[in-house]
file my_file-v4.csv (CSV, C-alpha atoms)
chain,number,residue,atom,x,y,z
A,19,MET,CA,99.7,106.6,104.3
A,20,ALA,CA,96.1,105.8,103.6
A,21,ALA,CA,96.2,108.7,101.1
A,22,ALA,CA,98.4,106.7,98.8
A,23,CYS,CA,95.7,104.0,98.5
A,24,ALA,CA,93.0,106.6,97.9
A,25,GLU,CA,95.1,108.2,95.1
A,26,MET,CA,95.0,104.8,93.3
A,27,GLU,CA,91.2,104.7,93.4
A,28,PRO,CA,89.6,107.0,90.8
A,29,ALA,CA,86.2,106.9,92.5
A,30,ALA,CA,84.8,106.0,95.9
A,31,ALA,CA,85.5,102.4,96.7
A,32,LEU,CA,82.5,100.1,96.2
A,33,PRO,CA,81.9,97.2,98.5
A,34,PRO,CA,82.3,93.7,96.8
A,35,SER,CA,79.3,93.0,94.7
A,36,PRO,CA,77.2,89.9,94.0
A,37,PRO,CA,77.9,88.0,90.8
A,38,PRO,CA,77.3,89.9,87.6
A,39,PRO,CA,73.9,89.7,85.9
A,40,ALA,CA,73.6,87.2,83.0
A,41,GLU,CA,73.7,90.0,80.5
A,42,ALA,CA,77.1,91.3,81.6
A,43,PRO,CA,79.4,90.2,78.8
A,44,GLY,CA,82.6,88.3,79.6
A,45,SER,CA,82.4,87.9,83.4
A,46,ALA,CA,79.0,86.0,83.7
A,47,GLU,CA,80.4,82.7,82.5
A,48,LEU,CA,83.4,83.0,84.9
A,49,VAL,CA,81.3,83.4,88.1
A,50,CYS,CA,79.4,80.6,89.9
A,51,ALA,CA,76.1,81.2,91.8
A,52,GLN,CA,78.1,81.7,95.0
A,53,GLY,CA,80.1,84.5,93.4
A,54,ARG,CA,83.4,82.6,93.1
A,55,ASN,CA,85.6,82.0,90.1
A,56,LEU,CA,84.5,78.9,88.0
A,57,LYS,CA,87.7,78.7,86.1
A,58,ALA,CA,91.4,78.8,86.9
A,59,VAL,CA,93.0,82.2,86.5
A,60,LEU,CA,96.2,82.3,84.4
A,61,CYS,CA,98.8,84.8,83.3
A,62,GLN,CA,97.9,86.2,79.8
A,63,ARG,CA,101.5,86.2,78.8
A,64,CYS,CA,103.0,82.9,79.9
A,65,GLY,CA,99.9,80.8,81.0
A,66,SER,CA,101.2,80.3,84.5
A,67,ARG,CA,98.4,79.5,87.0
A,68,VAL,CA,97.6,82.4,89.3
A,69,LEU,CA,94.5,81.0,91.1
A,70,LEU,CA,92.7,77.7,91.2
A,71,PRO,CA,88.9,77.6,90.6
A,72,GLY,CA,86.9,78.7,93.6
A,73,ALA,CA,89.8,80.6,95.2
A,74,ALA,CA,88.4,84.1,94.7
A,75,THR,CA,85.2,86.1,94.8
A,76,PHE,CA,84.0,88.4,92.1
A,77,ALA,CA,84.1,92.1,93.1
A,78,ARG,CA,83.4,95.4,91.4
A,79,ARG,CA,85.7,98.3,92.4
A,80,GLU,CA,87.3,101.0,90.4
A,81,LEU,CA,91.0,100.9,90.7
A,82,LEU,CA,93.7,102.5,88.6
A,83,LEU,CA,96.4,100.1,87.4
A,84,PRO,CA,99.5,101.1,85.5
A,85,ALA,CA,99.9,99.8,81.9
A,86,MET,CA,101.0,96.2,81.6
A,87,ARG,CA,104.8,95.7,81.7
A,88,LYS,CA,107.5,93.8,83.5
A,89,LYS,CA,107.8,94.1,87.3
A,90,ALA,CA,110.5,96.8,87.6
A,91,ALA,CA,108.9,99.0,85.0
A,92,ALA,CA,105.4,98.5,86.6
A,93,ALA,CA,106.6,99.8,89.9
A,94,ALA,CA,108.4,102.8,88.3
A,95,ALA,CA,105.4,103.7,86.2
A,96,ALA,CA,102.8,103.6,89.0
A,97,GLY,CA,102.3,107.4,88.9
A,98,SER,CA,102.2,107.8,85.2
A,99,GLY,CA,98.6,107.0,84.4
A,100,GLY,CA,97.2,103.7,83.4
A,101,ASP,CA,93.8,102.0,83.1
A,102,VAL,CA,90.8,102.2,85.3
A,103,VAL,CA,89.7,98.6,86.0
A,104,ARG,CA,86.3,97.7,87.4
A,105,GLU,CA,86.0,93.9,87.6
A,106,HIS,CA,88.2,91.9,89.8
A,107,TRP,CA,88.8,88.6,91.6
A,108,LEU,CA,89.0,89.4,95.3
A,109,VAL,CA,91.3,87.2,97.2
A,110,ARG,CA,91.2,87.4,101.0
A,111,ASP,CA,94.2,85.2,101.8
A,112,MET,CA,97.6,85.7,100.1
A,113,PHE,CA,98.3,82.0,100.5
A,114,SER,CA,95.3,81.2,98.1
A,115,PHE,CA,97.5,82.3,95.2
A,116,GLU,CA,99.2,79.6,93.2
A,117,ASN,CA,101.7,81.9,91.6
A,118,VAL,CA,101.9,85.6,92.1
A,119,GLY,CA,104.6,88.2,92.8
A,120,PHE,CA,104.5,91.7,94.3
A,121,THR,CA,106.2,94.9,93.2
A,122,ARG,CA,108.1,97.0,95.7
A,123,ASP,CA,105.9,99.4,97.7
A,124,VAL,CA,104.6,102.3,95.6
A,125,GLY,CA,103.4,104.6,98.3
A,126,ASN,CA,101.1,102.3,100.3
A,127,VAL,CA,100.3,100.0,97.4
A,128,LYS,CA,101.9,96.8,96.0
A,129,PHE,CA,101.0,95.7,92.6
A,130,LEU,CA,100.5,92.0,91.8
A,131,VAL,CA,102.5,90.5,88.9
A,132,CYS,CA,103.0,87.0,87.4
A,133,ALA,CA,105.7,85.3,89.5
A,134,ASP,CA,107.1,83.5,86.4
A,135,CYS,CA,107.3,86.1,83.7
A,136,GLU,CA,106.9,89.2,85.9
A,137,ALA,CA,104.2,90.6,83.5
A,138,GLY,CA,101.8,93.0,85.2
A,139,PRO,CA,100.4,94.6,87.1
A,140,ILE,CA,97.6,92.1,87.1
A,141,GLY,CA,96.3,93.3,90.4
A,142,TRP,CA,96.5,95.6,93.4
A,143,HIS,CA,97.0,95.4,97.1
A,144,CYS,CA,96.8,98.3,99.6
A,145,LEU,CA,99.1,97.7,102.6
A,146,ASP,CA,96.4,99.2,104.9
A,147,ASP,CA,94.1,96.2,104.2
A,148,LYS,CA,96.1,93.0,104.8
A,149,ASP,CA,93.1,90.8,103.6
A,150,SER,CA,92.3,92.2,100.2
A,151,PHE,CA,94.1,91.4,97.0
A,152,TYR,CA,92.4,92.4,93.7
A,153,VAL,CA,93.2,90.6,90.4
A,154,ALA,CA,91.8,92.4,87.4
A,155,LEU,CA,89.7,90.2,85.2
A,156,GLU,CA,90.8,92.0,82.0
A,157,ARG,CA,94.5,91.4,82.9
A,158,VAL,CA,94.3,87.6,83.2
A,159,ALA,CA,93.2,84.6,81.2
A,160,HIS,CA,90.8,81.9,82.3
A,161,GLU,CA,90.8,78.1,81.7
call {"tool": "encode", "arguments": {"input": "my_file-v4.csv", "output": "structure tokens"}}
result
Amino acid sequence: MAAACAEMEPAAALPPSPPPPAEAPGSAELVCAQGRNLKAVLCQRCGSRVLLPGAATFARRELLLPAMRKKAAAAAAAGSGGDVVREHWLVRDMFSFENVGFTRDVGNVKFLVCADCEAGPIGWHCLDDKDSFYVALERVAHE
């Protein structure tokens, strides 16, 4: 079953990385010196709060996420291409989320969606690793 997770990763998995350098556009103002999120993480579509400030750690890892759509369509389209996303918020405890939903299993992966409007996927979780939930920076808003 681990093969299903590997199929979702277009390149070798990179270990979580330190905060981005100051010249990295976009993500530098979102990460504190300890590598955690400075701002709340929100759904781009409805503004629902997904994570509180300080609840996640910045990580770089290449993951393939299906194109953004509602929950049922996101699960159905998992095998039909998508976007390679490299910058994420890494959450180690699923109870750190304020508001997130999960798709049905797609192989050995569950995709994260907004629990209010079901837009997503905003992130990725491999069932082999119970302590790693990735939220793509480019799929969420920050406040």
call {"tool": "residues_around", "arguments": {"input": "my_file-v4.csv", "residues": "range 104-112 of chain A", "least_positions_apart": "3", "cutoff": "8 Å", "atoms": "all atoms listed in the file", "output": "PyMOL selection string"}}
result
chain A and resi 55+73-81+115+149-156
call {"tool": "closest_atom_pairs", "arguments": {"input": "my_file-v4.csv", "of": "range 57-77 of chain A", "to": "range 119-125 of chain A", "cutoff": "12 Å", "atoms": "all atoms listed in the file", "output": "tab-separated table"}}
result
residue	atom	partner	partner_atom	distance
A:Cys61	CA	A:Gly119	CA	11.6
A:Ser66	CA	A:Gly119	CA	12.0
A:Val68	CA	A:Gly119	CA	9.7
call {"tool": "closest_residue", "arguments": {"input": "my_file-v4.csv", "among": "A:Cys132, A:Val127, A:Met86, A:Leu60", "to": "Lys148 in chain A", "atoms": "only C-alpha atoms"}}
result
A:Val127
call {"tool": "atom_distance", "arguments": {"input": "my_file-v4.csv", "atom1": "CA of Leu69 in chain A", "atom2": "CA of Gln52 in chain A"}}
result
16.9 Å
call {"tool": "closest_residue", "arguments": {"input": "my_file-v4.csv", "among": "A:Arg63, A:Ala159, A:Leu70, A:Gly99", "to": "Ala137 in chain A", "atoms": "only C-alpha atoms"}}
result
A:Arg63
call {"tool": "atom_distance", "arguments": {"input": "my_file-v4.csv", "atom1": "CA of Glu161 in chain A", "atom2": "CA of Leu48 in chain A"}}
result
9.4 Å
call {"tool": "atom_distance", "arguments": {"input": "my_file-v4.csv", "atom1": "CA of Cys50 in chain A", "atom2": "CA of His160 in chain A"}}
result
13.8 Å
call {"tool": "closest_residue", "arguments": {"input": "my_file-v4.csv", "among": "A:Asn117, A:Cys135, A:Phe129, A:Pro84", "to": "Val102 in chain A", "atoms": "all atoms listed in the file"}}
result
A:Pro84
call {"tool": "closest_residue", "arguments": {"input": "my_file-v4.csv", "among": "A:Asp146, A:Leu130, A:Pro71, A:Gly100", "to": "Ala85 in chain A", "atoms": "only C-alpha atoms"}}
result
A:Gly100
call {"tool": "build_atoms", "arguments": {"input": "my_file-v4.csv", "residues": "range 131-156 of chain A", "atoms": "N, CA and C atoms", "output": "JSON list (two decimals), in the frame of the given file"}}
result
[["chain", "number", "residue", "atom", "x", "y", "z"],
["A", 131, "VAL", "N", 101.94, 90.85, 90.20],
["A", 131, "VAL", "CA", 102.50, 90.50, 88.90],
["A", 131, "VAL", "C", 102.59, 88.97, 88.80],
["A", 132, "CYS", "N", 102.78, 88.46, 87.60],
["A", 132, "CYS", "CA", 103.00, 87.00, 87.40],
["A", 132, "CYS", "C", 104.38, 86.70, 88.01],
["A", 133, "ALA", "N", 104.44, 85.68, 88.84],
["A", 133, "ALA", "CA", 105.70, 85.30, 89.50],
["A", 133, "ALA", "C", 106.68, 84.67, 88.49],
["A", 134, "ASP", "N", 106.18, 84.10, 87.40],
["A", 134, "ASP", "CA", 107.10, 83.50, 86.40],
["A", 134, "ASP", "C", 107.66, 84.42, 85.42],
["A", 135, "CYS", "N", 106.82, 85.22, 84.75],
["A", 135, "CYS", "CA", 107.30, 86.10, 83.70],
["A", 135, "CYS", "C", 107.38, 87.56, 84.13],
["A", 136, "GLU", "N", 106.87, 87.87, 85.31],
["A", 136, "GLU", "CA", 106.90, 89.20, 85.90],
["A", 136, "GLU", "C", 106.04, 90.22, 85.09],
["A", 137, "ALA", "N", 105.12, 89.73, 84.25],
["A", 137, "ALA", "CA", 104.20, 90.60, 83.50],
["A", 137, "ALA", "C", 103.18, 91.17, 84.50],
["A", 138, "GLY", "N", 102.85, 92.42, 84.33],
["A", 138, "GLY", "CA", 101.80, 93.00, 85.20],
["A", 138, "GLY", "C", 101.87, 94.51, 85.10],
["A", 139, "PRO", "N", 101.14, 95.16, 85.95],
["A", 139, "PRO", "CA", 100.40, 94.60, 87.10],
["A", 139, "PRO", "C", 99.13, 93.90, 86.66],
["A", 140, "ILE", "N", 98.88, 92.76, 87.27],
["A", 140, "ILE", "CA", 97.60, 92.10, 87.10],
["A", 140, "ILE", "C", 96.64, 92.38, 88.20],
["A", 141, "GLY", "N", 97.15, 93.04, 89.24],
["A", 141, "GLY", "CA", 96.30, 93.30, 90.40],
["A", 141, "GLY", "C", 96.89, 94.34, 91.32],
["A", 142, "TRP", "N", 96.24, 94.50, 92.46],
["A", 142, "TRP", "CA", 96.50, 95.60, 93.40],
["A", 142, "TRP", "C", 96.29, 95.16, 94.80],
["A", 143, "HIS", "N", 97.13, 95.65, 95.70],
["A", 143, "HIS", "CA", 97.00, 95.40, 97.10],
["A", 143, "HIS", "C", 97.40, 96.60, 97.92],
["A", 144, "CYS", "N", 96.47, 97.13, 98.74],
["A", 144, "CYS", "CA", 96.80, 98.30, 99.60],
["A", 144, "CYS", "C", 97.32, 97.70, 100.92],
["A", 145, "LEU", "N", 98.44, 98.23, 101.38],
["A", 145, "LEU", "CA", 99.10, 97.70, 102.60],
["A", 145, "LEU", "C", 98.26, 98.00, 103.85],
["A", 146, "ASP", "N", 97.29, 98.92, 103.78],
["A", 146, "ASP", "CA", 96.40, 99.20, 104.90],
["A", 146, "ASP", "C", 95.42, 98.07, 105.16],
["A", 147, "ASP", "N", 95.13, 97.29, 104.13],
["A", 147, "ASP", "CA", 94.10, 96.20, 104.20],
["A", 147, "ASP", "C", 94.85, 94.89, 103.92],
["A", 148, "LYS", "N", 95.26, 94.20, 104.95],
["A", 148, "LYS", "CA", 96.10, 93.00, 104.80],
["A", 148, "LYS", "C", 95.29, 91.83, 104.17],
["A", 149, "ASP", "N", 93.95, 91.93, 104.09],
["A", 149, "ASP", "CA", 93.10, 90.80, 103.60],
["A", 149, "ASP", "C", 92.42, 91.04, 102.30],
["A", 150, "SER", "N", 92.90, 91.96, 101.49],
["A", 150, "SER", "CA", 92.30, 92.20, 100.20],
["A", 150, "SER", "C", 93.29, 92.34, 99.10],
["A", 151, "PHE", "N", 93.21, 91.39, 98.17],
["A", 151, "PHE", "CA", 94.10, 91.40, 97.00],
["A", 151, "PHE", "C", 93.16, 91.32, 95.79],
["A", 152, "TYR", "N", 93.29, 92.29, 94.90],
["A", 152, "TYR", "CA", 92.40, 92.40, 93.70],
["A", 152, "TYR", "C", 93.18, 92.00, 92.48],
["A", 153, "VAL", "N", 92.62, 91.06, 91.71],
["A", 153, "VAL", "CA", 93.20, 90.60, 90.40],
["A", 153, "VAL", "C", 92.20, 91.06, 89.35],
["A", 154, "ALA", "N", 92.65, 91.90, 88.43],
["A", 154, "ALA", "CA", 91.80, 92.40, 87.40],
["A", 154, "ALA", "C", 91.42, 91.37, 86.37],
["A", 155, "LEU", "N", 90.12, 91.18, 86.12],
["A", 155, "LEU", "CA", 89.70, 90.20, 85.20],
["A", 155, "LEU", "C", 90.26, 90.41, 83.78],
["A", 156, "GLU", "N", 90.35, 91.68, 83.37],
["A", 156, "GLU", "CA", 90.80, 92.00, 82.00],
["A", 156, "GLU", "C", 92.34, 91.80, 81.87]]
